[in-house]
$ cat entry.tsv   # TSV, N, CA and C atoms and all ligand atoms
chain	number	residue	atom	x	y	z
A	12	MET	N	-10.72	-25.56	25.87
A	12	MET	CA	-11.93	-26.10	25.27
A	12	MET	C	-11.81	-26.06	23.76
A	13	SER	N	-12.04	-27.19	23.11
A	13	SER	CA	-11.90	-27.21	21.66
A	13	SER	C	-13.29	-27.25	21.01
A	14	PRO	N	-13.37	-26.72	19.80
A	14	PRO	CA	-14.66	-26.69	19.11
A	14	PRO	C	-15.09	-28.09	18.67
A	15	GLU	N	-16.34	-28.20	18.33
A	15	GLU	CA	-16.90	-29.49	17.91
A	15	GLU	C	-16.48	-29.81	16.48
A	16	ARG	N	-16.30	-31.08	16.22
A	16	ARG	CA	-16.07	-31.50	14.84
A	16	ARG	C	-17.29	-31.18	13.99
A	17	LEU	N	-17.04	-30.78	12.75
A	17	LEU	CA	-18.14	-30.54	11.81
A	17	LEU	C	-18.74	-31.87	11.38
A	18	THR	N	-20.04	-31.87	11.13
A	18	THR	CA	-20.67	-33.04	10.52
A	18	THR	C	-20.27	-33.09	9.05
A	19	GLU	N	-20.58	-34.22	8.43
A	19	GLU	CA	-20.29	-34.38	7.00
A	19	GLU	C	-21.00	-33.28	6.18
A	20	ASP	N	-22.25	-33.02	6.51
A	20	ASP	CA	-23.02	-31.99	5.78
A	20	ASP	C	-22.43	-30.60	6.00
A	21	GLU	N	-22.03	-30.31	7.23
A	21	GLU	CA	-21.42	-29.01	7.52
A	21	GLU	C	-20.10	-28.85	6.77
A	22	THR	N	-19.34	-29.93	6.68
A	22	THR	CA	-18.07	-29.90	5.96
A	22	THR	C	-18.30	-29.61	4.48
A	23	THR	N	-19.23	-30.33	3.89
A	23	THR	CA	-19.55	-30.13	2.47
A	23	THR	C	-20.01	-28.71	2.21
A	24	ALA	N	-20.88	-28.20	3.07
A	24	ALA	CA	-21.39	-26.84	2.91
A	24	ALA	C	-20.26	-25.83	3.06
A	25	GLY	N	-19.39	-26.02	4.02
A	25	GLY	CA	-18.28	-25.10	4.24
A	25	GLY	C	-17.33	-25.08	3.05
A	26	LEU	N	-17.04	-26.26	2.51
A	26	LEU	CA	-16.11	-26.34	1.38
A	26	LEU	C	-16.71	-25.76	0.11
A	27	ALA	N	-18.03	-25.72	0.01
A	27	ALA	CA	-18.67	-25.11	-1.16
A	27	ALA	C	-18.29	-23.63	-1.25
A	28	GLY	N	-18.02	-23.01	-0.11
A	28	GLY	CA	-17.61	-21.61	-0.10
A	28	GLY	C	-16.11	-21.41	-0.16
A	29	LEU	N	-15.36	-22.50	-0.30
A	29	LEU	CA	-13.89	-22.44	-0.33
A	29	LEU	C	-13.39	-23.25	-1.54
A	30	PRO	N	-13.59	-22.75	-2.74
A	30	PRO	CA	-13.34	-23.54	-3.94
A	30	PRO	C	-11.88	-23.95	-4.15
A	31	HIS	N	-10.95	-23.26	-3.50
A	31	HIS	CA	-9.53	-23.61	-3.67
A	31	HIS	C	-9.10	-24.76	-2.76
A	32	TRP	N	-9.98	-25.19	-1.87
A	32	TRP	CA	-9.61	-26.18	-0.87
A	32	TRP	C	-10.19	-27.54	-1.19
A	33	THR	N	-9.40	-28.59	-0.93
A	33	THR	CA	-9.90	-29.95	-1.13
A	33	THR	C	-9.77	-30.74	0.16
A	34	ARG	N	-10.61	-31.70	0.27
A	34	ARG	CA	-10.65	-32.56	1.44
A	34	ARG	C	-9.60	-33.65	1.30
A	35	GLU	N	-8.82	-33.84	2.34
A	35	GLU	CA	-7.92	-35.01	2.38
A	35	GLU	C	-8.11	-35.65	3.74
A	36	GLY	N	-9.02	-36.60	3.82
A	36	GLY	CA	-9.31	-37.27	5.08
A	36	GLY	C	-9.87	-36.30	6.09
A	37	ASP	N	-9.19	-36.16	7.23
A	37	ASP	CA	-9.65	-35.26	8.29
A	37	ASP	C	-9.06	-33.87	8.17
A	38	SER	N	-8.50	-33.55	6.99
A	38	SER	CA	-7.90	-32.24	6.76
A	38	SER	C	-8.47	-31.60	5.50
A	39	ILE	N	-8.26	-30.28	5.37
A	39	ILE	CA	-8.47	-29.60	4.10
A	39	ILE	C	-7.14	-29.01	3.66
A	40	VAL	N	-6.94	-28.96	2.33
A	40	VAL	CA	-5.64	-28.66	1.76
A	40	VAL	C	-5.78	-27.65	0.63
A	41	ARG	N	-4.87	-26.67	0.61
A	41	ARG	CA	-4.74	-25.81	-0.56
A	41	ARG	C	-3.28	-25.68	-0.93
A	42	THR	N	-2.97	-25.84	-2.21
A	42	THR	CA	-1.65	-25.55	-2.75
A	42	THR	C	-1.78	-24.33	-3.64
A	43	ALA	N	-0.84	-23.38	-3.49
A	43	ALA	CA	-0.90	-22.16	-4.29
A	43	ALA	C	0.52	-21.70	-4.63
A	44	ASP	N	0.64	-21.05	-5.79
A	44	ASP	CA	1.91	-20.46	-6.19
A	44	ASP	C	1.87	-18.97	-5.95
A	45	ALA	N	2.81	-18.48	-5.16
A	45	ALA	CA	3.01	-17.03	-5.02
A	45	ALA	C	3.80	-16.55	-6.23
A	46	PRO	N	3.82	-15.25	-6.50
A	46	PRO	CA	4.57	-14.74	-7.66
A	46	PRO	C	6.06	-15.07	-7.59
A	47	ASP	N	6.63	-15.02	-6.39
A	47	ASP	CA	8.05	-15.35	-6.23
A	47	ASP	C	8.27	-15.76	-4.76
A	48	PHE	N	9.49	-16.12	-4.42
A	48	PHE	CA	9.78	-16.62	-3.07
A	48	PHE	C	9.51	-15.58	-1.97
A	49	PRO	N	9.98	-14.32	-2.13
A	49	PRO	CA	9.69	-13.35	-1.06
A	49	PRO	C	8.19	-13.15	-0.86
A	50	ALA	N	7.41	-13.14	-1.94
A	50	ALA	CA	5.95	-12.98	-1.81
A	50	ALA	C	5.37	-14.17	-1.04
A	51	GLY	N	5.87	-15.36	-1.33
A	51	GLY	CA	5.40	-16.55	-0.61
A	51	GLY	C	5.69	-16.44	0.88
A	52	ILE	N	6.87	-15.95	1.22
A	52	ILE	CA	7.23	-15.79	2.63
A	52	ILE	C	6.37	-14.72	3.30
A	53	ARG	N	6.01	-13.68	2.57
A	53	ARG	CA	5.09	-12.68	3.13
A	53	ARG	C	3.72	-13.30	3.41
A	54	VAL	N	3.26	-14.17	2.51
A	54	VAL	CA	2.00	-14.87	2.76
A	54	VAL	C	2.11	-15.68	4.05
A	55	VAL	N	3.20	-16.42	4.18
A	55	VAL	CA	3.39	-17.27	5.37
A	55	VAL	C	3.42	-16.41	6.63
A	56	ALA	N	4.07	-15.24	6.56
A	56	ALA	CA	4.13	-14.36	7.73
A	56	ALA	C	2.74	-13.85	8.10
A	57	ALA	N	1.94	-13.49	7.09
A	57	ALA	CA	0.57	-13.01	7.36
A	57	ALA	C	-0.28	-14.14	7.93
A	58	VAL	N	-0.11	-15.34	7.40
A	58	VAL	CA	-0.86	-16.49	7.91
A	58	VAL	C	-0.43	-16.80	9.35
A	59	ALA	N	0.85	-16.68	9.62
A	59	ALA	CA	1.35	-16.94	10.98
A	59	ALA	C	0.72	-15.98	11.98
A	60	GLU	N	0.59	-14.73	11.59
A	60	GLU	CA	0.00	-13.73	12.48
A	60	GLU	C	-1.47	-14.05	12.74
A	61	ALA	N	-2.20	-14.39	11.69
A	61	ALA	CA	-3.62	-14.76	11.85
A	61	ALA	C	-3.75	-16.01	12.71
A	62	ALA	N	-2.89	-16.98	12.48
A	62	ALA	CA	-2.97	-18.25	13.20
A	62	ALA	C	-2.70	-18.04	14.70
A	63	GLU	N	-1.73	-17.20	15.00
A	63	GLU	CA	-1.41	-16.92	16.41
A	63	GLU	C	-2.60	-16.24	17.08
A	64	ALA	N	-3.21	-15.30	16.38
A	64	ALA	CA	-4.36	-14.58	16.94
A	64	ALA	C	-5.53	-15.52	17.20
A	65	MET	N	-5.67	-16.52	16.33
A	65	MET	CA	-6.76	-17.50	16.47
A	65	MET	C	-6.40	-18.64	17.43
A	66	ASP	N	-5.13	-18.74	17.77
A	66	ASP	CA	-4.60	-19.94	18.45
A	66	ASP	C	-5.01	-21.20	17.69
A	67	HIS	N	-4.84	-21.12	16.38
A	67	HIS	CA	-5.16	-22.26	15.51
A	67	HIS	C	-4.16	-22.23	14.36
A	68	HIS	N	-3.41	-23.31	14.17
A	68	HIS	CA	-2.19	-23.26	13.37
A	68	HIS	C	-2.20	-24.26	12.22
A	69	PRO	N	-1.82	-23.79	11.05
A	69	PRO	CA	-1.78	-24.68	9.88
A	69	PRO	C	-0.45	-25.43	9.79
A	70	ASP	N	-0.46	-26.56	9.10
A	70	ASP	CA	0.79	-27.16	8.63
A	70	ASP	C	1.11	-26.47	7.31
A	71	ILE	N	2.36	-26.02	7.16
A	71	ILE	CA	2.75	-25.28	5.95
A	71	ILE	C	4.00	-25.91	5.35
A	72	ASP	N	3.91	-26.19	4.06
A	72	ASP	CA	5.06	-26.69	3.31
A	72	ASP	C	5.45	-25.61	2.29
A	73	ILE	N	6.72	-25.19	2.33
A	73	ILE	CA	7.23	-24.14	1.44
A	73	ILE	C	8.25	-24.75	0.50
A	74	ARG	N	8.00	-24.67	-0.80
A	74	ARG	CA	8.98	-25.12	-1.80
A	74	ARG	C	9.12	-24.03	-2.85
A	75	TRP	N	10.21	-23.25	-2.75
A	75	TRP	CA	10.41	-22.05	-3.57
A	75	TRP	C	9.15	-21.20	-3.46
A	76	ARG	N	8.38	-21.00	-4.51
A	76	ARG	CA	7.21	-20.11	-4.39
A	76	ARG	C	5.90	-20.88	-4.26
A	77	THR	N	6.01	-22.21	-4.13
A	77	THR	CA	4.80	-23.04	-3.98
A	77	THR	C	4.54	-23.32	-2.52
A	78	LEU	N	3.34	-22.95	-2.07
A	78	LEU	CA	2.94	-23.11	-0.66
A	78	LEU	C	1.83	-24.14	-0.58
A	79	ARG	N	1.92	-25.02	0.42
A	79	ARG	CA	0.86	-26.00	0.65
A	79	ARG	C	0.42	-25.89	2.11
A	80	PHE	N	-0.85	-25.64	2.30
A	80	PHE	CA	-1.43	-25.48	3.64
A	80	PHE	C	-2.33	-26.66	3.93
A	81	VAL	N	-2.16	-27.27	5.10
A	81	VAL	CA	-3.00	-28.39	5.55
A	81	VAL	C	-3.63	-27.99	6.89
A	82	LEU	N	-4.96	-28.01	6.92
A	82	LEU	CA	-5.69	-27.57	8.11
A	82	LEU	C	-6.49	-28.71	8.73
A	83	SER	N	-6.38	-28.82	10.05
A	83	SER	CA	-7.18	-29.78	10.81
A	83	SER	C	-7.15	-29.31	12.26
A	84	THR	N	-8.16	-29.68	13.01
A	84	THR	CA	-8.15	-29.34	14.44
A	84	THR	C	-7.73	-30.57	15.22
A	85	HIS	N	-6.47	-30.58	15.62
A	85	HIS	CA	-5.89	-31.79	16.22
A	85	HIS	C	-6.63	-32.17	17.49
A	86	SER	N	-6.98	-31.15	18.28
A	86	SER	CA	-7.62	-31.44	19.57
A	86	SER	C	-9.01	-32.05	19.38
A	87	ALA	N	-9.64	-31.81	18.22
A	87	ALA	CA	-10.97	-32.36	17.95
A	87	ALA	C	-10.88	-33.64	17.11
A	88	GLY	N	-9.69	-33.92	16.59
A	88	GLY	CA	-9.53	-35.12	15.76
A	88	GLY	C	-10.19	-35.00	14.40
A	89	GLY	N	-10.29	-33.79	13.89
A	89	GLY	CA	-10.91	-33.61	12.57
A	89	GLY	C	-11.15	-32.15	12.27
A	90	LEU	N	-12.08	-31.89	11.37
A	90	LEU	CA	-12.35	-30.52	10.92
A	90	LEU	C	-13.36	-29.83	11.82
A	91	THR	N	-13.10	-28.54	12.09
A	91	THR	CA	-14.02	-27.71	12.86
A	91	THR	C	-14.19	-26.38	12.13
A	92	ALA	N	-15.06	-25.53	12.67
A	92	ALA	CA	-15.26	-24.19	12.10
A	92	ALA	C	-13.97	-23.39	12.09
A	93	LEU	N	-13.06	-23.67	13.01
A	93	LEU	CA	-11.77	-22.95	13.02
A	93	LEU	C	-11.00	-23.19	11.72
A	94	ASP	N	-11.10	-24.40	11.18
A	94	ASP	CA	-10.38	-24.70	9.94
A	94	ASP	C	-10.96	-23.92	8.76
A	95	LEU	N	-12.29	-23.80	8.73
A	95	LEU	CA	-12.93	-23.03	7.66
A	95	LEU	C	-12.57	-21.55	7.80
A	96	ASP	N	-12.55	-21.04	9.03
A	96	ASP	CA	-12.17	-19.63	9.26
A	96	ASP	C	-10.73	-19.38	8.83
A	97	LEU	N	-9.85	-20.28	9.24
A	97	LEU	CA	-8.43	-20.09	8.89
A	97	LEU	C	-8.23	-20.21	7.38
A	98	ALA	N	-8.95	-21.12	6.74
A	98	ALA	CA	-8.85	-21.26	5.27
A	98	ALA	C	-9.20	-19.95	4.58
A	99	ALA	N	-10.26	-19.29	5.04
A	99	ALA	CA	-10.67	-18.02	4.42
A	99	ALA	C	-9.58	-16.95	4.63
A	100	ARG	N	-8.95	-16.97	5.81
A	100	ARG	CA	-7.88	-15.99	6.07
A	100	ARG	C	-6.66	-16.27	5.20
A	101	ILE	N	-6.36	-17.55	4.98
A	101	ILE	CA	-5.24	-17.91	4.10
A	101	ILE	C	-5.55	-17.47	2.67
A	102	ASP	N	-6.79	-17.68	2.23
A	102	ASP	CA	-7.20	-17.21	0.90
A	102	ASP	C	-6.96	-15.71	0.77
A	103	ALA	N	-7.32	-14.96	1.80
A	103	ALA	CA	-7.14	-13.51	1.75
A	103	ALA	C	-5.67	-13.13	1.69
A	104	ALA	N	-4.83	-13.82	2.47
A	104	ALA	CA	-3.39	-13.53	2.45
A	104	ALA	C	-2.79	-13.84	1.08
A	105	LEU	N	-3.24	-14.94	0.48
A	105	LEU	CA	-2.75	-15.30	-0.86
A	105	LEU	C	-3.23	-14.27	-1.89
A	106	ALA	N	-4.47	-13.83	-1.76
A	106	ALA	CA	-5.01	-12.86	-2.72
A	106	ALA	C	-4.24	-11.55	-2.64
A	107	THR	N	-3.83	-11.16	-1.43
A	107	THR	CA	-3.06	-9.93	-1.25
A	107	THR	C	-1.76	-9.98	-2.03
A	108	GLU	N	-1.17	-11.15	-2.15
A	108	GLU	CA	0.09	-11.31	-2.89
A	108	GLU	C	-0.15	-11.84	-4.31
A	109	SER	N	-1.38	-11.83	-4.75
A	109	SER	CA	-1.72	-12.29	-6.11
A	109	SER	C	-1.23	-13.69	-6.42
A	110	ALA	N	-1.32	-14.56	-5.41
A	110	ALA	CA	-0.93	-15.95	-5.64
A	110	ALA	C	-2.08	-16.70	-6.32
A	111	ARG	N	-1.76	-17.76	-7.03
A	111	ARG	CA	-2.82	-18.57	-7.62
A	111	ARG	C	-2.39	-20.03	-7.69
B	201	LIG	C1	-3.24	-24.95	23.78
B	201	LIG	C2	-3.62	-24.57	22.38
B	201	LIG	O1	-4.90	-23.98	22.37
B	201	LIG	C3	-3.66	-25.77	21.46
B	201	LIG	O2	-2.46	-26.46	21.48
B	201	LIG	C4	-4.04	-25.38	20.04
B	201	LIG	C5	-2.93	-24.65	19.30
B	201	LIG	N1	-3.11	-24.68	17.85
B	201	LIG	C6	-3.82	-25.66	17.27
B	201	LIG	N2	-3.88	-25.74	15.94
B	201	LIG	C7	-4.54	-26.73	15.35
B	201	LIG	N3	-4.58	-26.77	14.01
B	201	LIG	N4	-5.18	-27.66	16.05
B	201	LIG	C8	-5.19	-27.66	17.40
B	201	LIG	O3	-5.81	-28.53	18.02
B	201	LIG	C9	-4.50	-26.62	18.06
B	201	LIG	N5	-4.48	-26.54	19.37
$ encode --input "entry.tsv" --output "structure tokens" --more "lines below"
Ligand SMILES: C[C@H](O)[C@H](O)[C@H]1CNC2=NC(N)=NC(=O)C2=N1
Amino acid sequence: MSPERLTEDETTAGLAGLPHWTREGDSIVRTADAPDFPAGIRVVAAVAEAAEAMDHHPDIDIRWRTLRFVLSTHSAGGLTALDLDLAARIDAALATESAR
């Protein structure tokens, strides 16, 4: 069973609490620089653990210490509360490694 797609108003309200994230169509996106490559990989490992626990998985692009996360709920064809939850967990993982 997949969660419901967020309405436009719910999406706007959710993103107001996630200032590092931007809307790209049916996805939300954050790009961040970790201090160095190993720190970036630790962020990815922490995000992977959270994603597995949620059974909700981000698209991740790794280029040296620059990480790009793209979130969408494929089964719902757009954004759901799971994407907002995962975004907050990614923010926390990045903050732990002092990424910006
Ligand atoms: C069976 C399993 O619940 C699904 O394949 C999950 C896994 N992870 C997922 N992750 C994301 N981002 N969207 C999904 O629809 C999704 N579906």
$ atom_distance --input "entry.tsv" --atom1 "atom C of Ala92 in chain A" --atom2 "CA of Ala43 in chain A"
21.0 Å
$ atom_distance --input "entry.tsv" --atom1 "atom C of Ala57 in chain A" --atom2 "atom N of Ala104 in chain A"
7.1 Å
$ residues_around --input "entry.tsv" --residues "Gly28 in chain A" --least-positions-apart "2" --cutoff "12 Å" --atoms "only C-alpha atoms" --output "compact mmCIF listing (two decimals) with N, CA and C atoms, keeping the file's coordinate frame"
# COMPACT_ATOMS: atom_id res chain seq x y z
N GLU A 21 -22.03 -30.31 7.23
CA GLU A 21 -21.42 -29.01 7.52
C GLU A 21 -20.10 -28.85 6.77
N THR A 22 -19.34 -29.93 6.68
CA THR A 22 -18.07 -29.90 5.96
C THR A 22 -18.30 -29.61 4.48
N THR A 23 -19.23 -30.33 3.89
CA THR A 23 -19.55 -30.13 2.47
C THR A 23 -20.01 -28.71 2.21
N ALA A 24 -20.88 -28.20 3.07
CA ALA A 24 -21.39 -26.84 2.91
C ALA A 24 -20.26 -25.83 3.06
N GLY A 25 -19.39 -26.02 4.02
CA GLY A 25 -18.28 -25.10 4.24
C GLY A 25 -17.33 -25.08 3.05
N LEU A 26 -17.04 -26.26 2.51
CA LEU A 26 -16.11 -26.34 1.38
C LEU A 26 -16.71 -25.76 0.11
N PRO A 30 -13.59 -22.75 -2.74
CA PRO A 30 -13.34 -23.54 -3.94
C PRO A 30 -11.88 -23.95 -4.15
N HIS A 31 -10.95 -23.26 -3.50
CA HIS A 31 -9.53 -23.61 -3.67
C HIS A 31 -9.10 -24.76 -2.76
N TRP A 32 -9.98 -25.19 -1.87
CA TRP A 32 -9.61 -26.18 -0.87
C TRP A 32 -10.19 -27.54 -1.19
N THR A 33 -9.40 -28.59 -0.93
CA THR A 33 -9.90 -29.95 -1.13
C THR A 33 -9.77 -30.74 0.16
N LEU A 95 -12.29 -23.80 8.73
CA LEU A 95 -12.93 -23.03 7.66
C LEU A 95 -12.57 -21.55 7.80
N ASP A 96 -12.55 -21.04 9.03
CA ASP A 96 -12.17 -19.63 9.26
C ASP A 96 -10.73 -19.38 8.83
N ALA A 98 -8.95 -21.12 6.74
CA ALA A 98 -8.85 -21.26 5.27
C ALA A 98 -9.20 -19.95 4.58
N ALA A 99 -10.26 -19.29 5.04
CA ALA A 99 -10.67 -18.02 4.42
C ALA A 99 -9.58 -16.95 4.63
N ASP A 102 -6.79 -17.68 2.23
CA ASP A 102 -7.20 -17.21 0.90
C ASP A 102 -6.96 -15.71 0.77
$ closest_residue --input "entry.tsv" --among "A:Val40, A:Ala64, A:Leu93, A:Leu29" --to "Arg79 in chain A" --atoms "all atoms listed in the file"
A:Val40
$ closest_residue --input "entry.tsv" --among "A:Ser83, A:Asp70, A:Thr77, A:Met65" --to "Pro49 in chain A" --atoms "only C-alpha atoms"
A:Thr77
$ closest_residue --input "entry.tsv" --among "A:Thr18, A:Arg76, A:His85, A:Glu63" --to "Pro46 in chain A" --atoms "all atoms listed in the file"
A:Arg76
$ closest_residue --input "entry.tsv" --among "A:Ala62, A:Ile73, A:Ala27, A:Ala106" --to "ligand LIG 201 (chain B)" --atoms "all atoms listed in the file"
A:Ala62
$ residues_near_ligand --input "entry.tsv" --ligand "ligand LIG 201 (chain B)" --cutoff "7 Å" --atoms "all atoms listed in the file" --output "ChimeraX atom specification"
/A:12,65-70,82-88
$ select_by_dssp --input "entry.tsv" --residues "chain A" --states "strand (DSSP E)" --output "PDB file with N, CA and C atoms, in the coordinates of the input"
ATOM      1  N   THR A  33      -9.400 -28.590  -0.930  1.00  0.00           N
ATOM      2  CA  THR A  33      -9.900 -29.950  -1.130  1.00  0.00           C
ATOM      3  C   THR A  33      -9.770 -30.740   0.160  1.00  0.00           C
ATOM      4  N   ARG A  34     -10.610 -31.700   0.270  1.00  0.00           N
ATOM      5  CA  ARG A  34     -10.650 -32.560   1.440  1.00  0.00           C
ATOM      6  C   ARG A  34      -9.600 -33.650   1.300  1.00  0.00           C
ATOM      7  N   GLU A  35      -8.820 -33.840   2.340  1.00  0.00           N
ATOM      8  CA  GLU A  35      -7.920 -35.010   2.380  1.00  0.00           C
ATOM      9  C   GLU A  35      -8.110 -35.650   3.740  1.00  0.00           C
ATOM     10  N   SER A  38      -8.500 -33.550   6.990  1.00  0.00           N
ATOM     11  CA  SER A  38      -7.900 -32.240   6.760  1.00  0.00           C
ATOM     12  C   SER A  38      -8.470 -31.600   5.500  1.00  0.00           C
ATOM     13  N   ILE A  39      -8.260 -30.280   5.370  1.00  0.00           N
ATOM     14  CA  ILE A  39      -8.470 -29.600   4.100  1.00  0.00           C
ATOM     15  C   ILE A  39      -7.140 -29.010   3.660  1.00  0.00           C
ATOM     16  N   VAL A  40      -6.940 -28.960   2.330  1.00  0.00           N
ATOM     17  CA  VAL A  40      -5.640 -28.660   1.760  1.00  0.00           C
ATOM     18  C   VAL A  40      -5.780 -27.650   0.630  1.00  0.00           C
ATOM     19  N   ARG A  41      -4.870 -26.670   0.610  1.00  0.00           N
ATOM     20  CA  ARG A  41      -4.740 -25.810  -0.560  1.00  0.00           C
ATOM     21  C   ARG A  41      -3.280 -25.680  -0.930  1.00  0.00           C
ATOM     22  N   THR A  42      -2.970 -25.840  -2.210  1.00  0.00           N
ATOM     23  CA  THR A  42      -1.650 -25.550  -2.750  1.00  0.00           C
ATOM     24  C   THR A  42      -1.780 -24.330  -3.640  1.00  0.00           C
ATOM     25  N   ALA A  43      -0.840 -23.380  -3.490  1.00  0.00           N
ATOM     26  CA  ALA A  43      -0.900 -22.160  -4.290  1.00  0.00           C
ATOM     27  C   ALA A  43       0.520 -21.700  -4.630  1.00  0.00           C
ATOM     28  N   ASP A  44       0.640 -21.050  -5.790  1.00  0.00           N
ATOM     29  CA  ASP A  44       1.910 -20.460  -6.190  1.00  0.00           C
ATOM     30  C   ASP A  44       1.870 -18.970  -5.950  1.00  0.00           C
ATOM     31  N   ASP A  70      -0.460 -26.560   9.100  1.00  0.00           N
ATOM     32  CA  ASP A  70       0.790 -27.160   8.630  1.00  0.00           C
ATOM     33  C   ASP A  70       1.110 -26.470   7.310  1.00  0.00           C
ATOM     34  N   ILE A  71       2.360 -26.020   7.160  1.00  0.00           N
ATOM     35  CA  ILE A  71       2.750 -25.280   5.950  1.00  0.00           C
ATOM     36  C   ILE A  71       4.000 -25.910   5.350  1.00  0.00           C
ATOM     37  N   ASP A  72       3.910 -26.190   4.060  1.00  0.00           N
ATOM     38  CA  ASP A  72       5.060 -26.690   3.310  1.00  0.00           C
ATOM     39  C   ASP A  72       5.450 -25.610   2.290  1.00  0.00           C
ATOM     40  N   ILE A  73       6.720 -25.190   2.330  1.00  0.00           N
ATOM     41  CA  ILE A  73       7.230 -24.140   1.440  1.00  0.00           C
ATOM     42  C   ILE A  73       8.250 -24.750   0.500  1.00  0.00           C
ATOM     43  N   ARG A  74       8.000 -24.670  -0.800  1.00  0.00           N
ATOM     44  CA  ARG A  74       8.980 -25.120  -1.800  1.00  0.00           C
ATOM     45  C   ARG A  74       9.120 -24.030  -2.850  1.00  0.00           C
ATOM     46  N   THR A  77       6.010 -22.210  -4.130  1.00  0.00           N
ATOM     47  CA  THR A  77       4.800 -23.040  -3.980  1.00  0.00           C
ATOM     48  C   THR A  77       4.540 -23.320  -2.520  1.00  0.00           C
ATOM     49  N   LEU A  78       3.340 -22.950  -2.070  1.00  0.00           N
ATOM     50  CA  LEU A  78       2.940 -23.110  -0.660  1.00  0.00           C
ATOM     51  C   LEU A  78       1.830 -24.140  -0.580  1.00  0.00           C
ATOM     52  N   ARG A  79       1.920 -25.020   0.420  1.00  0.00           N
ATOM     53  CA  ARG A  79       0.860 -26.000   0.650  1.00  0.00           C
ATOM     54  C   ARG A  79       0.420 -25.890   2.110  1.00  0.00           C
ATOM     55  N   PHE A  80      -0.850 -25.640   2.300  1.00  0.00           N
ATOM     56  CA  PHE A  80      -1.430 -25.480   3.640  1.00  0.00           C
ATOM     57  C   PHE A  80      -2.330 -26.660   3.930  1.00  0.00           C
ATOM     58  N   VAL A  81      -2.160 -27.270   5.100  1.00  0.00           N
ATOM     59  CA  VAL A  81      -3.000 -28.390   5.550  1.00  0.00           C
ATOM     60  C   VAL A  81      -3.630 -27.990   6.890  1.00  0.00           C
ATOM     61  N   LEU A  82      -4.960 -28.010   6.920  1.00  0.00           N
ATOM     62  CA  LEU A  82      -5.690 -27.570   8.110  1.00  0.00           C
ATOM     63  C   LEU A  82      -6.490 -28.710   8.730  1.00  0.00           C
TER      64      LEU A  82
END
$ select_by_dssp --input "entry.tsv" --residues "chain A" --states "helix (DSSP H, G or I)" --output "PyMOL selection string"
chain A and resi 19-27+48-65+85-87+92-107
$ residues_around --input "entry.tsv" --residues "Ile101 in chain A" --least-positions-apart "4" --cutoff "8 Å" --atoms "only C-alpha atoms" --output "list of chain:residue names"
A:Val54, A:Val58, A:Leu97, A:Leu105
